[in-house]
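> Take this structure, written in structure tokens, and hold onto it; I'll ask about it next.
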Amino acid sequence: MQYRTLGRTGVQVSSLALGAMNFGAIGRTTQDEATAIVDAALEGGINLIDTADMYSNGESEEMVGKAIAGRRDDIVLATKASMPMGDERNHQGGSRRWLVTELDNSLRRLGVDHVDLYQIHRWDPRTSDEETLSALTDLQRAGKIRYFGSSTFPAYRLVQAQWAARDNRLSRYVTEQPSYSILQRGIETDVLPVTEEYGLGVLVWSPLASGWLSGAIREGRDITTSRSTFMPQLFDTAIPANRARLDAVERLAKVADEAGLTMIQLALGFVTAHPAVTCALIGPRTLDHLDSQLAAADTVLSADVLDAIDAIVAPGTDLAAHEKHDTPPALLDPALRRR
């Protein structure tokens with residue numbers, strides 16, 4: 001396992017980190033299975049575990065808390081907030097009112113007195129940067145969080161938040177957690193240059209592109225991954241973007257074979273090769289998934305392999321641009337672009 005400094009914090013984290021989204025109802029993972037995955041991940045050298053309040057409506061945090069009991073100090077523990085937690089309209093977002101309340105809820109579910117990294121799961125356009133950063137700064141000073149970061153923010157919002165922290169003398173985001181894979185490279189255009197400019201640590205999610213790069217999806221095979229059962233539209237090859245992904249996967253598989261790599265090694269080696277990326281979040285649902293992903297921990301891709309990937313999916317290109325998660329609201333809501 002490789003270790004890297006998380007932004008400018010001085011904290012050393014593994015180049016592969018354990019994402020716990022599949023713990024609980026989402027991944028149909030039991031507590032015993034979750035604990036076994038955490039045990040194997042720590043034994044394999046992973047020292048950062050990332051979860052969120054809304055993963056299985058808090059169940060993931062509860063499972064992580066039970067799995068790490070007795071060894072909290074050896075783990076860099078991260079969670080997230082701001083996504084809706086129920087139907088109540090104020091149980092979401094980046095307001096002081098909600099973040100103060102929900103952090104206490106997360107700490108209770110995790111069974112800890114602080115988290116190392118608290119992340120705003122999505123930018124909240126209804127709440128000012130000053131409001132959110134002020135609340136996070138106070139929570140940091142209270143000792144409930146050590147650092148805080150953003151997740152899936154557009155590049156211009158990352159910049160705006162840095163300016164707001166400076167102008168109001170508040171603590172700043174020290175990390176960003178964007179989606180990044182060989183098939184979705186759009187953040188190379190704007191987000192990653194911004195994170196490098198401001199010295200942010202970068203924890204990338206979905207490096208296997210929702211399973212497209214796992215090796216399980218190939219031409220002529222039925223797509224039977226867990227994700228495809230509840231998100232079939234992401235894998236319908238009659239959709240042009242999905243057809244483009246499958247064509248790219250076939251070409252990438254040849255690159256991996258010629259380099260003596262699995263598709264997982266190719267995919268994880270690619271994202272961790274970018275100098276702006278600190279670590280890749282893997283989200284295994286089973287121990288077998290974890291083992292296949294841990295096998296990529298020390299993968300270093302040669303320049304020839306990286307050049308071959310660039311020839312298949314050009315730098316800065318999203319093969320499924322409609323699936324971007326940081327699209328400005330005005331592009332999605334016509335009312336916001338009309339007087």
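Following the order of the structure tokens, first chain is A, next is B, and so on, with residues numbered from 1 inside each chain and ligands from 1 in the order they appear.
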Would you list the contacts of Asp53 of chain A as a list in words, taking every protein, DNA or RNA residue within 10 Å and counting only C-alpha atoms, but skipping same-chain residues closer than 4 positions in sequence?
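Those residues are Met21, Asn57, Gly58, Glu59, Ser60, Glu61, Glu62, Thr79, Lys80, Ala81, Ser82, Met83, Pro84, Met85, Glu102, Leu103, Asn105, Ser106, Leu107, Arg109, Leu110 and His121 of chain A.
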> Run DSSP on the backbone and tell me which residues of segment 126-274 of chain A come out as strand (DSSP E); list them as a list in words.
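Selecting the strand (DSSP E) positions of segment 126-274 of chain A gives Ile145, Arg146, Tyr147, Phe148, Gly149, Ser150, Ser151, Thr175, Glu176, Gln177, Gly201, Val202, Leu203 and Val204 of chain A.
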> Keeping only all heavy atoms, write those residues as a CSV table (one decimal), in the first residue's frame.

```
chain,number,residue,atom,x,y,z
A,145,ILE,N,-14.9,17.8,15.0
A,145,ILE,CA,-14.3,17.4,13.7
A,145,ILE,C,-12.9,18.0,13.7
A,145,ILE,O,-12.6,19.0,14.3
A,145,ILE,CB,-15.1,18.0,12.5
A,145,ILE,CG1,-15.2,19.5,12.5
A,145,ILE,CG2,-16.5,17.4,12.5
A,145,ILE,CD1,-15.9,20.1,11.4
A,146,ARG,N,-12.0,17.2,13.0
A,146,ARG,CA,-10.6,17.7,12.9
A,146,ARG,C,-10.4,18.6,11.7
A,146,ARG,O,-9.7,19.6,11.7
A,146,ARG,CB,-9.6,16.5,12.9
A,146,ARG,CG,-9.6,15.6,14.1
A,146,ARG,CD,-9.1,16.4,15.3
A,146,ARG,NE,-9.0,15.6,16.5
A,146,ARG,CZ,-9.9,15.6,17.5
A,146,ARG,NH1,-10.9,16.4,17.5
A,146,ARG,NH2,-9.7,14.8,18.6
A,147,TYR,N,-11.0,18.2,10.6
A,147,TYR,CA,-10.9,18.9,9.3
A,147,TYR,C,-12.3,18.8,8.6
A,147,TYR,O,-13.1,18.0,9.0
A,147,TYR,CB,-9.8,18.3,8.4
A,147,TYR,CG,-8.5,18.1,9.0
A,147,TYR,CD1,-8.1,16.9,9.5
A,147,TYR,CD2,-7.6,19.2,9.1
A,147,TYR,CE1,-6.9,16.7,10.1
A,147,TYR,CE2,-6.4,19.0,9.7
A,147,TYR,CZ,-6.0,17.8,10.2
A,147,TYR,OH,-4.8,17.6,10.8
A,148,PHE,N,-12.5,19.7,7.6
A,148,PHE,CA,-13.7,19.5,6.8
A,148,PHE,C,-13.4,19.7,5.4
A,148,PHE,O,-12.4,20.4,5.0
A,148,PHE,CB,-14.8,20.4,7.3
A,148,PHE,CG,-14.5,21.9,7.5
A,148,PHE,CD1,-14.5,22.8,6.4
A,148,PHE,CD2,-14.1,22.4,8.7
A,148,PHE,CE1,-14.3,24.1,6.6
A,148,PHE,CE2,-13.9,23.8,8.9
A,148,PHE,CZ,-13.9,24.6,7.8
A,149,GLY,N,-14.3,19.2,4.5
A,149,GLY,CA,-14.1,19.2,3.1
A,149,GLY,C,-15.4,19.2,2.3
A,149,GLY,O,-16.5,19.3,2.9
A,150,SER,N,-15.3,19.2,1.0
A,150,SER,CA,-16.4,19.3,0.2
A,150,SER,C,-16.5,18.0,-0.6
A,150,SER,O,-15.5,17.2,-0.7
A,150,SER,CB,-16.3,20.5,-0.8
A,150,SER,OG,-15.1,20.4,-1.6
A,151,SER,N,-17.6,17.8,-1.3
A,151,SER,CA,-17.8,16.6,-2.1
A,151,SER,C,-18.6,16.9,-3.4
A,151,SER,O,-19.7,17.5,-3.2
A,151,SER,CB,-18.5,15.4,-1.3
A,151,SER,OG,-18.7,14.3,-2.2
A,175,THR,N,-10.3,19.4,1.6
A,175,THR,CA,-10.4,18.2,0.7
A,175,THR,C,-11.5,18.4,-0.2
A,175,THR,O,-12.5,19.2,0.1
A,175,THR,CB,-10.6,16.9,1.5
A,175,THR,OG1,-11.8,17.0,2.2
A,175,THR,CG2,-9.4,16.6,2.4
A,176,GLU,N,-11.5,17.7,-1.3
A,176,GLU,CA,-12.7,17.6,-2.2
A,176,GLU,C,-12.8,16.1,-2.6
A,176,GLU,O,-11.8,15.4,-2.8
A,176,GLU,CB,-12.4,18.5,-3.5
A,176,GLU,CG,-13.3,18.1,-4.7
A,176,GLU,CD,-14.8,18.3,-4.5
A,176,GLU,OE1,-15.2,18.8,-3.5
A,176,GLU,OE2,-15.5,17.8,-5.4
A,177,GLN,N,-14.1,15.7,-2.7
A,177,GLN,CA,-14.3,14.3,-3.1
A,177,GLN,C,-15.2,14.3,-4.4
A,177,GLN,O,-16.4,14.3,-4.3
A,177,GLN,CB,-15.1,13.6,-1.9
A,177,GLN,CG,-15.2,12.1,-2.2
A,177,GLN,CD,-15.9,11.3,-1.1
A,177,GLN,OE1,-16.8,10.5,-1.3
A,177,GLN,NE2,-15.5,11.6,0.2
A,201,GLY,N,-6.6,18.0,-0.6
A,201,GLY,CA,-6.6,16.6,-0.8
A,201,GLY,C,-7.7,16.2,-1.6
A,201,GLY,O,-8.8,16.8,-1.6
A,202,VAL,N,-7.6,15.1,-2.4
A,202,VAL,CA,-8.6,14.7,-3.3
A,202,VAL,C,-8.9,13.2,-3.1
A,202,VAL,O,-8.0,12.4,-3.3
A,202,VAL,CB,-8.3,14.9,-4.8
A,202,VAL,CG1,-9.4,14.4,-5.7
A,202,VAL,CG2,-8.1,16.4,-5.1
A,203,LEU,N,-10.1,12.9,-2.7
A,203,LEU,CA,-10.6,11.5,-2.5
A,203,LEU,C,-11.6,11.2,-3.6
A,203,LEU,O,-12.7,11.7,-3.6
A,203,LEU,CB,-11.2,11.3,-1.2
A,203,LEU,CG,-10.5,11.7,0.1
A,203,LEU,CD1,-10.6,13.2,0.4
A,203,LEU,CD2,-11.0,11.0,1.3
A,204,VAL,N,-11.2,10.4,-4.6
A,204,VAL,CA,-12.1,10.2,-5.7
A,204,VAL,C,-13.0,9.0,-5.5
A,204,VAL,O,-12.6,8.0,-5.0
A,204,VAL,CB,-11.4,10.1,-7.1
A,204,VAL,CG1,-10.5,11.3,-7.3
A,204,VAL,CG2,-10.5,8.8,-7.1
```
> Which segment 10-78 of chain A residues have any atom within 12 Å of an atom of segment 252-273 of chain A, and for each, what is the nearest pair of atoms with distance in Å to one decimal, counting only C-alpha atoms, rows sorted by chain and number, as CSV?

```
residue,atom,partner,partner_atom,distance
A:Ser14,CA,A:Thr272,CA,10.8
A:Ser15,CA,A:Thr272,CA,7.0
A:Leu16,CA,A:Thr272,CA,8.4
A:Ala17,CA,A:Thr272,CA,11.3
```
> Restricting the calculation to only C-alpha atoms, which member of A:Leu294, A:Val64, A:Ala165, A:Val159 is positioned closest to Gly45 of chain A?
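Distance minimum relative to Gly45 of chain A lands on A:Leu294.
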> Fewer than 4 positions away in the same chain doesn't count, so skip those; otherwise give me all residues within 8 Å of segment 69-77 of chain A, counting only C-alpha atoms, as a list of chain:residue names.
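Near segment 69-77 of chain A, the qualifying residues are A:Val13, A:Asn47, A:Leu48, A:Ile49, A:Asp50, A:Gly65, A:Gly111, A:Val112, A:Val115, A:Asp116, A:Leu117.
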> Which of these residues is nearest to Glu43 of chain A, using only C-alpha atoms: A:Arg97, A:Met1, A:Asp167, A:Thr152?
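Distance minimum relative to Glu43 of chain A lands on A:Met1.
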> Go ahead and compute the interatomic distance for atom CA of Thr35 of chain A and atom CA of Ala67 of chain A, in Å to one decimal.
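Atom-to-atom, atom CA of Thr35 of chain A and atom CA of Ala67 of chain A are spaced 4.7 Å apart.
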> Go through A:Thr317, A:Ser134, A:Asn90, A:Asn242 one by one, measure the shortest atom-to-atom distance of each to Glu188 of chain A using only C-alpha atoms, and give the residue with the smallest value.
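Closest to Glu188 of chain A of all the choices is A:Thr317.
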> For the contact check between segment 179-252 of chain A and segment 278-287 of chain A, emit one row per residue of segment 179-252 of chain A within 10 Å, containing the shortest atom pair and the distance in Å rounded to one decimal, counting only C-alpha atoms, chain then rising number order, as CSV.

```
residue,atom,partner,partner_atom,distance
A:Ser179,CA,A:Leu281,CA,9.7
A:Tyr180,CA,A:Ala280,CA,8.9
A:Ser181,CA,A:Ala280,CA,9.7
A:Leu200,CA,A:Thr278,CA,9.1
A:Gly201,CA,A:Thr278,CA,5.8
A:Val202,CA,A:Thr278,CA,5.1
A:Leu203,CA,A:Cys279,CA,5.0
A:Val204,CA,A:Ala280,CA,5.0
A:Trp205,CA,A:Leu281,CA,5.1
A:Ser206,CA,A:Leu281,CA,7.1
A:Pro207,CA,A:Ala280,CA,6.6
A:Leu208,CA,A:Ile282,CA,8.2
A:Ser210,CA,A:Gly283,CA,9.8
A:Ser226,CA,A:Arg285,CA,9.1
```
> Please produce a file of those selected residues containing N, CA, C and O atoms, as a CSV table (one decimal), in the first residue's frame.

```csv
chain,number,residue,atom,x,y,z
A,179,SER,N,-16.2,12.6,-8.4
A,179,SER,CA,-16.3,11.3,-9.1
A,179,SER,C,-15.2,11.4,-10.2
A,179,SER,O,-15.1,12.4,-10.9
A,180,TYR,N,-14.5,10.3,-10.4
A,180,TYR,CA,-13.4,10.3,-11.4
A,180,TYR,C,-13.1,8.8,-11.8
A,180,TYR,O,-12.9,7.9,-10.9
A,181,SER,N,-13.0,8.6,-13.1
A,181,SER,CA,-12.6,7.3,-13.6
A,181,SER,C,-12.1,7.5,-15.0
A,181,SER,O,-12.2,8.6,-15.6
A,200,LEU,N,-5.7,21.2,-2.0
A,200,LEU,CA,-6.7,20.3,-1.4
A,200,LEU,C,-6.4,18.9,-1.6
A,200,LEU,O,-5.9,18.4,-2.7
A,201,GLY,N,-6.6,18.0,-0.6
A,201,GLY,CA,-6.6,16.6,-0.8
A,201,GLY,C,-7.7,16.2,-1.6
A,201,GLY,O,-8.8,16.8,-1.6
A,202,VAL,N,-7.6,15.1,-2.4
A,202,VAL,CA,-8.6,14.7,-3.3
A,202,VAL,C,-8.9,13.2,-3.1
A,202,VAL,O,-8.0,12.4,-3.3
A,203,LEU,N,-10.1,12.9,-2.7
A,203,LEU,CA,-10.6,11.5,-2.5
A,203,LEU,C,-11.6,11.2,-3.6
A,203,LEU,O,-12.7,11.7,-3.6
A,204,VAL,N,-11.2,10.4,-4.6
A,204,VAL,CA,-12.1,10.2,-5.7
A,204,VAL,C,-13.0,9.0,-5.5
A,204,VAL,O,-12.6,8.0,-5.0
A,205,TRP,N,-14.3,9.2,-5.9
A,205,TRP,CA,-15.3,8.1,-5.8
A,205,TRP,C,-15.7,7.6,-7.1
A,205,TRP,O,-15.5,8.2,-8.2
A,206,SER,N,-16.2,6.4,-7.2
A,206,SER,CA,-16.6,5.6,-8.4
A,206,SER,C,-15.4,5.5,-9.4
A,206,SER,O,-15.6,5.7,-10.6
A,207,PRO,N,-14.2,5.1,-8.9
A,207,PRO,CA,-13.1,4.9,-9.8
A,207,PRO,C,-13.3,3.7,-10.8
A,207,PRO,O,-12.7,3.6,-11.8
A,208,LEU,N,-14.3,2.8,-10.4
A,208,LEU,CA,-14.6,1.7,-11.3
A,208,LEU,C,-15.8,2.0,-12.1
A,208,LEU,O,-16.4,1.1,-12.8
A,210,SER,N,-19.0,2.7,-11.5
A,210,SER,CA,-20.3,1.9,-11.2
A,210,SER,C,-20.2,0.5,-11.7
A,210,SER,O,-21.2,-0.1,-12.0
A,226,SER,N,-24.6,-6.0,-9.3
A,226,SER,CA,-25.6,-5.5,-8.3
A,226,SER,C,-26.2,-4.2,-8.7
A,226,SER,O,-27.4,-3.9,-8.5
```
> Within segment 16-205 of chain A, find each residue whose DSSP state, derived from the backbone, is alpha helix (DSSP H), and express the selection as a ChimeraX atom specification.
/A:31-43,59-68,96-110,129-141,155-167,191-198
